[in-house]
There are 2 protein chains.
Amino acid sequence: MDLKNDILLRALLRQPVDRTPVWIMRQAGRYLPEYLKTRAEAGSFMNLCQSPELACEVTLQPLRRFKLDAAIIFSDILTIPDAMGLNLYFITGEGPKFEHPIRTVDDIRKLPSLAVNESLGYVMDAVALTRRELDGKVPLIGFSGSPWTLATYMIEGGSSKTFSRAKKLLYQEPQMAHMLLEKLAATVTDYLNAQIESGAQAVQIFDTWGGALSSQAYREFSLAYMQQIVSGLKRRHEGRQIPVILFSKGCNTQLEALADTGCDALGVDWTITLNEARQRVGDRVALQGNLDPSILLASKEVIRKEVGETLRSFGAGNGHVFNLGHGITPEVDPDHLSELLDAVSELSPAYHG
Amino acid sequence: MDLKNDILLRALLRQPVDRTPVWIMRQAGRYLPEYLKTRAEAGSFMNLCQSPELACEVTLQPLRRFKLDAAIIFSDILTIPDAMGLNLYFITGEGPKFEHPIRTVDDIRKLPSLAVNESLGYVMDAVALTRRELDGKVPLIGFSGSPWTLATYMIEGGSSKTFSRAKKLLYQEPQMAHMLLEKLAATVTDYLNAQIESGAQAVQIFDTWGGALSSQAYREFSLAYMQQIVSGLKRRHEGRQIPVILFSKGCNTQLEALADTGCDALGVDWTITLNEARQRVGDRVALQGNLDPSILLASKEVIRKEVGETLRSFGAGNGHVFNLGHGITPEVDPDHLSELLDAVSELSPAYHG
């Protein structure tokens, strides 16, 4: 089964392309009426994640509507802690919660080592099914939360503004924090490798809360574990290289260090220009981003103009994957996303070849 | 009335000092039992802000307990929009809200021009009273929210995760956004000048949500207006220079541009080391910060170690004011703040003279 459109994979590896590839974080999501319909049928968000057929269906939905250069498997970043027994659940409007958050050092010691193909078999089934259904149309991206980001939810029991409990563990009992992060890093490595073996053709690590840490704590407690994962990933499969993308939101001061992990590409949020990011990382990695998702709420004219600015900021040459700087939000009109994609398709060839 | 301790003012102006001065953002706050008592007596947070006697009392409370090198007037960053008729109120656990948020372009046009000494006379009274009560013990800092930060609350009606409404205005109707920010910048300038005339000996602008903007939007919609304010401030009063501090949280990629506004000092959050920040801004401004407030939840040994790291990161020389990288949080044990202050006092002389 040949890949008919491998422009994303080539751009992630900084190889020549004739236009800038584009996919959108959370492209299978609540802004799409067909997603809301499937989600309602699923009964709950967890059912949607855990049914390979439904997860495959919502993964493919945006590709039926839009010209996107990749699919990303529909799942949640918190599947690993859920499988470790913390029991993930969602209350509408409140974000994710764990029924059994980590409250004591003993809770960390007792966390099980997962056999990911069993405990998270539903993810691998969804990846394999989606890969089959895609039939080589575009590559399929697998993903995981970073160890630090998973740890914050596990310790806080859900989202947090200050991450006080999680940070208290880092500062007060660093050896226990390292035990937890070590366990998570090993599991994330297995998890991403299993996704690759099931058919994922690129993988992304979401370090959503890296930006909550001090520069030193970030390197010790988040970056080091992402680096460990990058080193442990299967970088070739089915005769192709598997690009690895790191996205550490709010960590623009760490771009050089992130580029040194050995990953292929960095996700960049909108608080830095691609031009500046590119100057700082040089030729080491590709860059993915970085339009502010809020721009999709403005008019089509504004969207087109801002897409142009983003392309111009990266400039000519290899190694740009167009994306937002964070996930698309539920209030976006899907027609506005079409405008973004059309603009990338029309304006980007000028920066290539 | 002579100032007995002017070490803060000297450090902000990069003049020699024999130890590093320290104050703490939100030092008059919910972690102090005496504050909670006064707040309960006041009945509501707004009553506390609007009574000069009570505001003075809570401003002085931390100085009775701790060896701090400054007082900061107790108030709220949202007093200006409240006085413009948006009516600020607080629901416990939900953050600030406005009864009449900006919903239409017409709401922006109709915003009144404030005569700050009348509409916000209670703030000037609190500043004057506190200055008198301080009796030259330490300098008094005045403050305001930045135009962009005020605008986000005015448009969103309260706190926000994505700032979608506010950003939609910037991108969709930039001329109306500029009209609003222009009005706010003029009012903030008057407001800070009135605080200076009432006795404030330094002023700080809190740009709490600058980090939500793209690099380009930040310069156009936040930085430009802070620069305008800096240019319009009364920089000498009572024969002394009035230092101006800008604190733009999450905007570390903008430090050079912030240093070029003509301010005296920059607040720095904990996502960048002071060493790196100092390398980037050079001798142009002093730096204030930058311990992660969560460290105050750890043990005294850890606090002392991290204070040492922060001092070492800035290194020897003039122009460091010790502070947290954001406000102190309610769950902190006041004894832990004492440990921080003792550590700064004991460890910092090694970096001076």
# chains A, B, ... in the order shown; residues from 1 in each chain; ligands from 1
$ select_by_dssp --residues "segment 67-264 of chain B" --states "strand (DSSP E or B)" --output "ChimeraX atom specification"
/B:71-72,88-91,95-98,140-145,158,202-207,236-237,240-241,244-248
$ write_last_selection --atoms "C-alpha atoms" --output "compact mmCIF listing (two decimals), in the first residue's frame"
# COMPACT_ATOMS: atom_id res chain seq x y z
CA ALA B 71 4.91 48.05 50.32
CA ILE B 72 2.59 47.76 47.32
CA LEU B 88 -16.56 44.63 38.86
CA TYR B 89 -17.71 41.85 41.17
CA PHE B 90 -16.24 38.64 42.52
CA ILE B 91 -17.73 35.20 42.94
CA GLY B 95 -12.21 35.14 39.68
CA PRO B 96 -13.28 38.65 38.68
CA LYS B 97 -16.38 39.32 36.58
CA PHE B 98 -17.93 42.40 34.99
CA LEU B 140 5.30 52.45 48.41
CA ILE B 141 4.68 50.92 44.97
CA GLY B 142 1.65 51.92 42.90
CA PHE B 143 0.34 49.80 40.04
CA SER B 144 -2.10 49.28 37.22
CA GLY B 145 -3.10 46.57 34.79
CA GLY B 158 -13.95 37.90 33.25
CA ALA B 202 7.65 53.41 42.11
CA VAL B 203 5.02 51.99 39.78
CA GLN B 204 4.46 48.62 38.15
CA ILE B 205 2.33 47.75 35.13
CA PHE B 206 0.95 44.21 35.22
CA ASP B 207 0.51 42.76 31.73
CA ARG B 236 10.51 62.54 38.98
CA HIS B 237 8.57 63.54 42.06
CA ARG B 240 13.42 61.53 43.52
CA GLN B 241 13.30 59.43 40.38
CA VAL B 244 8.80 52.11 36.35
CA ILE B 245 8.56 48.32 36.26
CA LEU B 246 6.90 46.36 33.42
CA PHE B 247 5.80 42.82 34.11
CA SER B 248 4.55 40.97 31.05
$ residues_around --residues "Cys56 of chain A" --least-positions-apart "4" --cutoff "6 Å" --atoms "only C-alpha atoms" --output "list of chain:residue names"
A:Pro52, A:Ala126, A:Thr130
$ interface_residues --of "chain A" --to "chain B" --cutoff "10 Å" --atoms "only C-alpha atoms" --output "PyMOL selection string"
chain A and resi 162-173+210-218+250-254+269-274+276+290-303+306+309+325+329+331
$ write_last_selection --atoms "N, CA and C atoms" --output "compact mmCIF listing (two decimals), in the first residue's frame"
# COMPACT_ATOMS: atom_id res chain seq x y z
N THR A 162 -2.13 26.30 38.69
CA THR A 162 -0.81 26.56 39.28
C THR A 162 0.07 25.30 39.35
N PHE A 163 -0.54 24.11 39.22
CA PHE A 163 0.21 22.86 39.30
C PHE A 163 0.95 22.74 40.63
N SER A 164 0.32 23.24 41.69
CA SER A 164 0.97 23.28 43.00
C SER A 164 1.35 21.90 43.52
N ARG A 165 0.42 20.95 43.42
CA ARG A 165 0.71 19.62 43.95
C ARG A 165 1.84 18.96 43.16
N ALA A 166 1.74 19.07 41.84
CA ALA A 166 2.74 18.42 40.99
C ALA A 166 4.12 19.04 41.23
N LYS A 167 4.16 20.36 41.33
CA LYS A 167 5.45 21.02 41.53
C LYS A 167 5.98 20.76 42.93
N LYS A 168 5.09 20.66 43.90
CA LYS A 168 5.55 20.35 45.25
C LYS A 168 6.29 19.02 45.25
N LEU A 169 5.76 18.05 44.51
CA LEU A 169 6.45 16.75 44.42
C LEU A 169 7.84 16.93 43.80
N LEU A 170 7.92 17.69 42.71
CA LEU A 170 9.22 17.89 42.05
C LEU A 170 10.25 18.47 43.01
N TYR A 171 9.82 19.49 43.77
CA TYR A 171 10.78 20.21 44.61
C TYR A 171 11.03 19.50 45.93
N GLN A 172 9.95 18.87 46.47
CA GLN A 172 10.07 18.30 47.80
C GLN A 172 10.60 16.88 47.76
N GLU A 173 10.17 16.14 46.75
CA GLU A 173 10.61 14.74 46.69
C GLU A 173 11.03 14.40 45.27
N GLY A 210 4.53 21.90 29.74
CA GLY A 210 5.96 22.17 29.92
C GLY A 210 6.20 23.62 30.34
N GLY A 211 5.39 24.52 29.80
CA GLY A 211 5.57 25.95 30.06
C GLY A 211 5.25 26.38 31.47
N ALA A 212 4.76 25.47 32.29
CA ALA A 212 4.48 25.82 33.69
C ALA A 212 5.74 25.75 34.55
N LEU A 213 6.78 25.13 34.01
CA LEU A 213 7.98 24.87 34.81
C LEU A 213 9.04 25.96 34.65
N SER A 214 9.85 26.12 35.66
CA SER A 214 11.02 26.99 35.53
C SER A 214 11.96 26.35 34.51
N SER A 215 12.84 27.18 33.98
CA SER A 215 13.76 26.73 32.96
C SER A 215 14.55 25.49 33.42
N GLN A 216 15.07 25.55 34.66
CA GLN A 216 15.86 24.42 35.16
C GLN A 216 14.99 23.18 35.39
N ALA A 217 13.81 23.40 36.00
CA ALA A 217 12.92 22.27 36.27
C ALA A 217 12.44 21.65 34.97
N TYR A 218 12.22 22.48 33.96
CA TYR A 218 11.78 21.98 32.66
C TYR A 218 12.80 20.99 32.09
N GLY A 250 4.39 26.83 25.24
CA GLY A 250 4.87 27.83 26.19
C GLY A 250 6.35 27.69 26.53
N CYS A 251 7.08 26.94 25.72
CA CYS A 251 8.50 26.68 26.03
C CYS A 251 9.42 27.25 24.97
N ASN A 252 9.08 28.40 24.45
CA ASN A 252 9.88 28.95 23.36
C ASN A 252 11.30 29.28 23.77
N THR A 253 11.51 29.54 25.06
CA THR A 253 12.88 29.81 25.48
C THR A 253 13.74 28.54 25.44
N GLN A 254 13.11 27.39 25.22
CA GLN A 254 13.83 26.11 25.23
C GLN A 254 14.01 25.51 23.84
N ASP A 269 4.37 27.37 19.24
CA ASP A 269 3.14 28.12 19.46
C ASP A 269 3.30 29.53 18.88
N TRP A 270 2.26 30.36 19.02
CA TRP A 270 2.24 31.63 18.28
C TRP A 270 2.92 32.78 19.01
N THR A 271 3.56 32.50 20.16
CA THR A 271 4.18 33.59 20.91
C THR A 271 5.60 33.92 20.41
N ILE A 272 6.03 33.19 19.40
CA ILE A 272 7.32 33.51 18.78
C ILE A 272 7.09 33.46 17.26
N THR A 273 7.79 34.28 16.50
CA THR A 273 7.62 34.18 15.04
C THR A 273 8.41 32.97 14.54
N LEU A 274 7.92 32.38 13.45
CA LEU A 274 8.65 31.24 12.87
C LEU A 274 10.04 31.68 12.42
N GLU A 276 12.01 33.86 13.90
CA GLU A 276 12.90 33.84 15.06
C GLU A 276 13.19 32.39 15.48
N ASN A 290 2.33 28.11 12.99
CA ASN A 290 2.10 28.43 14.37
C ASN A 290 0.99 29.47 14.52
N LEU A 291 -0.05 29.36 13.69
CA LEU A 291 -1.13 30.36 13.69
C LEU A 291 -1.93 30.29 15.00
N ASP A 292 -2.21 31.45 15.57
CA ASP A 292 -3.08 31.54 16.75
C ASP A 292 -4.48 31.05 16.36
N PRO A 293 -4.98 29.99 17.03
CA PRO A 293 -6.30 29.45 16.66
C PRO A 293 -7.40 30.50 16.67
N SER A 294 -7.25 31.55 17.48
CA SER A 294 -8.27 32.59 17.55
C SER A 294 -8.47 33.30 16.22
N ILE A 295 -7.45 33.26 15.37
CA ILE A 295 -7.56 33.93 14.06
C ILE A 295 -8.66 33.28 13.22
N LEU A 296 -8.96 32.01 13.48
CA LEU A 296 -10.04 31.35 12.74
C LEU A 296 -11.41 31.91 13.10
N LEU A 297 -11.49 32.74 14.12
CA LEU A 297 -12.77 33.39 14.47
C LEU A 297 -12.96 34.68 13.68
N ALA A 298 -11.90 35.18 13.07
CA ALA A 298 -12.00 36.42 12.30
C ALA A 298 -12.51 36.11 10.88
N SER A 299 -12.58 37.12 10.04
CA SER A 299 -13.14 36.95 8.69
C SER A 299 -12.17 36.17 7.81
N LYS A 300 -12.69 35.70 6.66
CA LYS A 300 -11.85 34.96 5.73
C LYS A 300 -10.69 35.81 5.21
N GLU A 301 -10.93 37.09 5.02
CA GLU A 301 -9.87 37.99 4.53
C GLU A 301 -8.72 38.03 5.55
N VAL A 302 -9.09 38.15 6.83
CA VAL A 302 -8.07 38.19 7.89
C VAL A 302 -7.32 36.86 7.95
N ILE A 303 -8.05 35.77 7.84
CA ILE A 303 -7.42 34.44 7.90
C ILE A 303 -6.38 34.31 6.79
N GLU A 306 -3.32 36.41 7.51
CA GLU A 306 -2.47 35.88 8.58
C GLU A 306 -1.76 34.58 8.16
N GLU A 309 1.17 35.80 6.37
CA GLU A 309 2.21 36.26 7.31
C GLU A 309 3.00 35.10 7.88
N GLY A 325 -0.99 26.97 16.41
CA GLY A 325 -0.07 26.91 17.54
C GLY A 325 -0.64 26.15 18.72
N THR A 329 -10.46 25.39 18.17
CA THR A 329 -11.46 25.50 19.24
C THR A 329 -12.86 25.22 18.72
N GLU A 331 -15.69 26.70 18.74
CA GLU A 331 -16.55 27.72 18.14
C GLU A 331 -16.17 28.08 16.71
$ atom_distance --atom1 "atom CA of Met124 of chain A" --atom2 "atom CA of Leu63 of chain A"
20.3 Å
$ closest_residue --among "B:Ala128, B:Ile77, B:Leu150, B:Ala316" --to "Pro349 of chain B" --atoms "only C-alpha atoms"
B:Ala316
$ atom_distance --atom1 "atom CA of Asp18 of chain A" --atom2 "atom CA of Ala259 of chain A"
24.6 Å
$ select_by_dssp --residues "segment 100-149 of chain B" --states "alpha helix (DSSP H)" --output "list in words"
Val105, Asp106, Asp107, Ile108, Arg109, Val116, Asn117, Glu118, Ser119, Gly121, Tyr122, Val123, Met124, Asp125, Ala126, Val127, Ala128, Leu129, Thr130, Arg131, Arg132, Glu133, Leu134, Pro147, Trp148 and Thr149 of chain B
$ write_last_selection --atoms "N, CA and C atoms" --output "mmCIF file, in the first residue's frame"
data_model
loop_
_atom_site.group_PDB
_atom_site.id
_atom_site.type_symbol
_atom_site.label_atom_id
_atom_site.label_comp_id
_atom_site.auth_asym_id
_atom_site.auth_seq_id
_atom_site.Cartn_x
_atom_site.Cartn_y
_atom_site.Cartn_z
ATOM 1 N N VAL B 105 -19.239 47.319 19.466
ATOM 2 C CA VAL B 105 -18.347 48.416 19.144
ATOM 3 C C VAL B 105 -18.865 49.706 19.791
ATOM 4 N N ASP B 106 -20.180 49.796 19.880
ATOM 5 C CA ASP B 106 -20.783 50.960 20.504
ATOM 6 C C ASP B 106 -20.433 51.054 21.998
ATOM 7 N N ASP B 107 -20.296 49.910 22.645
ATOM 8 C CA ASP B 107 -19.879 49.907 24.056
ATOM 9 C C ASP B 107 -18.489 50.531 24.197
ATOM 10 N N ILE B 108 -17.638 50.335 23.201
ATOM 11 C CA ILE B 108 -16.292 50.928 23.248
ATOM 12 C C ILE B 108 -16.396 52.440 23.058
ATOM 13 N N ARG B 109 -17.202 52.845 22.067
ATOM 14 C CA ARG B 109 -17.348 54.281 21.796
ATOM 15 C C ARG B 109 -17.888 55.022 23.013
ATOM 16 N N VAL B 116 -9.515 60.650 36.931
ATOM 17 C CA VAL B 116 -9.120 59.588 37.875
ATOM 18 C C VAL B 116 -9.133 60.019 39.339
ATOM 19 N N ASN B 117 -8.839 61.297 39.595
ATOM 20 C CA ASN B 117 -8.839 61.727 40.995
ATOM 21 C C ASN B 117 -10.238 61.703 41.601
ATOM 22 N N GLU B 118 -11.255 61.801 40.726
ATOM 23 C CA GLU B 118 -12.619 61.668 41.238
ATOM 24 C C GLU B 118 -13.074 60.209 41.219
ATOM 25 N N SER B 119 -13.098 59.616 40.021
ATOM 26 C CA SER B 119 -13.645 58.255 39.878
ATOM 27 C C SER B 119 -12.857 57.237 40.690
ATOM 28 N N GLY B 121 -10.773 58.130 43.255
ATOM 29 C CA GLY B 121 -10.259 58.866 44.412
ATOM 30 C C GLY B 121 -9.945 57.959 45.590
ATOM 31 N N TYR B 122 -10.699 56.864 45.712
ATOM 32 C CA TYR B 122 -10.441 55.956 46.836
ATOM 33 C C TYR B 122 -9.047 55.337 46.759
ATOM 34 N N VAL B 123 -8.543 55.130 45.538
ATOM 35 C CA VAL B 123 -7.179 54.590 45.397
ATOM 36 C C VAL B 123 -6.153 55.646 45.834
ATOM 37 N N MET B 124 -6.381 56.892 45.388
ATOM 38 C CA MET B 124 -5.427 57.959 45.743
ATOM 39 C C MET B 124 -5.446 58.190 47.264
ATOM 40 N N ASP B 125 -6.646 58.108 47.841
ATOM 41 C CA ASP B 125 -6.739 58.257 49.306
ATOM 42 C C ASP B 125 -5.979 57.132 50.011
ATOM 43 N N ALA B 126 -6.129 55.934 49.497
ATOM 44 C CA ALA B 126 -5.419 54.799 50.114
ATOM 45 C C ALA B 126 -3.911 54.972 49.974
ATOM 46 N N VAL B 127 -3.465 55.431 48.801
ATOM 47 C CA VAL B 127 -2.028 55.649 48.584
ATOM 48 C C VAL B 127 -1.516 56.713 49.560
ATOM 49 N N ALA B 128 -2.227 57.834 49.641
ATOM 50 C CA ALA B 128 -1.778 58.937 50.505
ATOM 51 C C ALA B 128 -1.749 58.504 51.973
ATOM 52 N N LEU B 129 -2.798 57.813 52.392
ATOM 53 C CA LEU B 129 -2.866 57.368 53.783
ATOM 54 C C LEU B 129 -1.745 56.367 54.094
ATOM 55 N N THR B 130 -1.543 55.416 53.183
ATOM 56 C CA THR B 130 -0.522 54.388 53.407
ATOM 57 C C THR B 130 0.869 55.019 53.439
ATOM 58 N N ARG B 131 1.091 55.944 52.534
ATOM 59 C CA ARG B 131 2.383 56.634 52.504
ATOM 60 C C ARG B 131 2.645 57.317 53.845
ATOM 61 N N ARG B 132 1.599 57.952 54.386
ATOM 62 C CA ARG B 132 1.736 58.624 55.682
ATOM 63 C C ARG B 132 2.045 57.606 56.778
ATOM 64 N N GLU B 133 1.285 56.517 56.781
ATOM 65 C CA GLU B 133 1.442 55.497 57.825
ATOM 66 C C GLU B 133 2.800 54.798 57.734
ATOM 67 N N LEU B 134 3.305 54.667 56.529
ATOM 68 C CA LEU B 134 4.612 54.018 56.356
ATOM 69 C C LEU B 134 5.718 54.841 57.003
ATOM 70 N N PRO B 147 -3.069 48.114 29.410
ATOM 71 C CA PRO B 147 -4.257 48.265 28.559
ATOM 72 C C PRO B 147 -4.752 46.929 27.988
ATOM 73 N N TRP B 148 -3.868 46.117 27.436
ATOM 74 C CA TRP B 148 -4.312 44.845 26.854
ATOM 75 C C TRP B 148 -4.933 43.945 27.917
ATOM 76 N N THR B 149 -4.297 43.852 29.083
ATOM 77 C CA THR B 149 -4.829 42.983 30.126
ATOM 78 C C THR B 149 -6.196 43.486 30.594
#
$ atom_distance --atom1 "atom CA of Val17 of chain A" --atom2 "atom CA of Gly315 of chain A"
13.7 Å
$ residues_around --residues "Gly319 of chain A" --least-positions-apart "5" --cutoff "9 Å" --atoms "only C-alpha atoms" --output "list in words"
Arg10, Ala11, Leu12, Leu13, Arg14, Gln15, Pro16, Val17, Thr20, Ala265, Asp283, Val285, Ala286, Leu287 and Gln288 of chain A
$ closest_residue --among "A:Ser345, A:Ser44, A:Ser51, A:Thr187" --to "Thr92 of chain A" --atoms "only C-alpha atoms"
A:Ser44
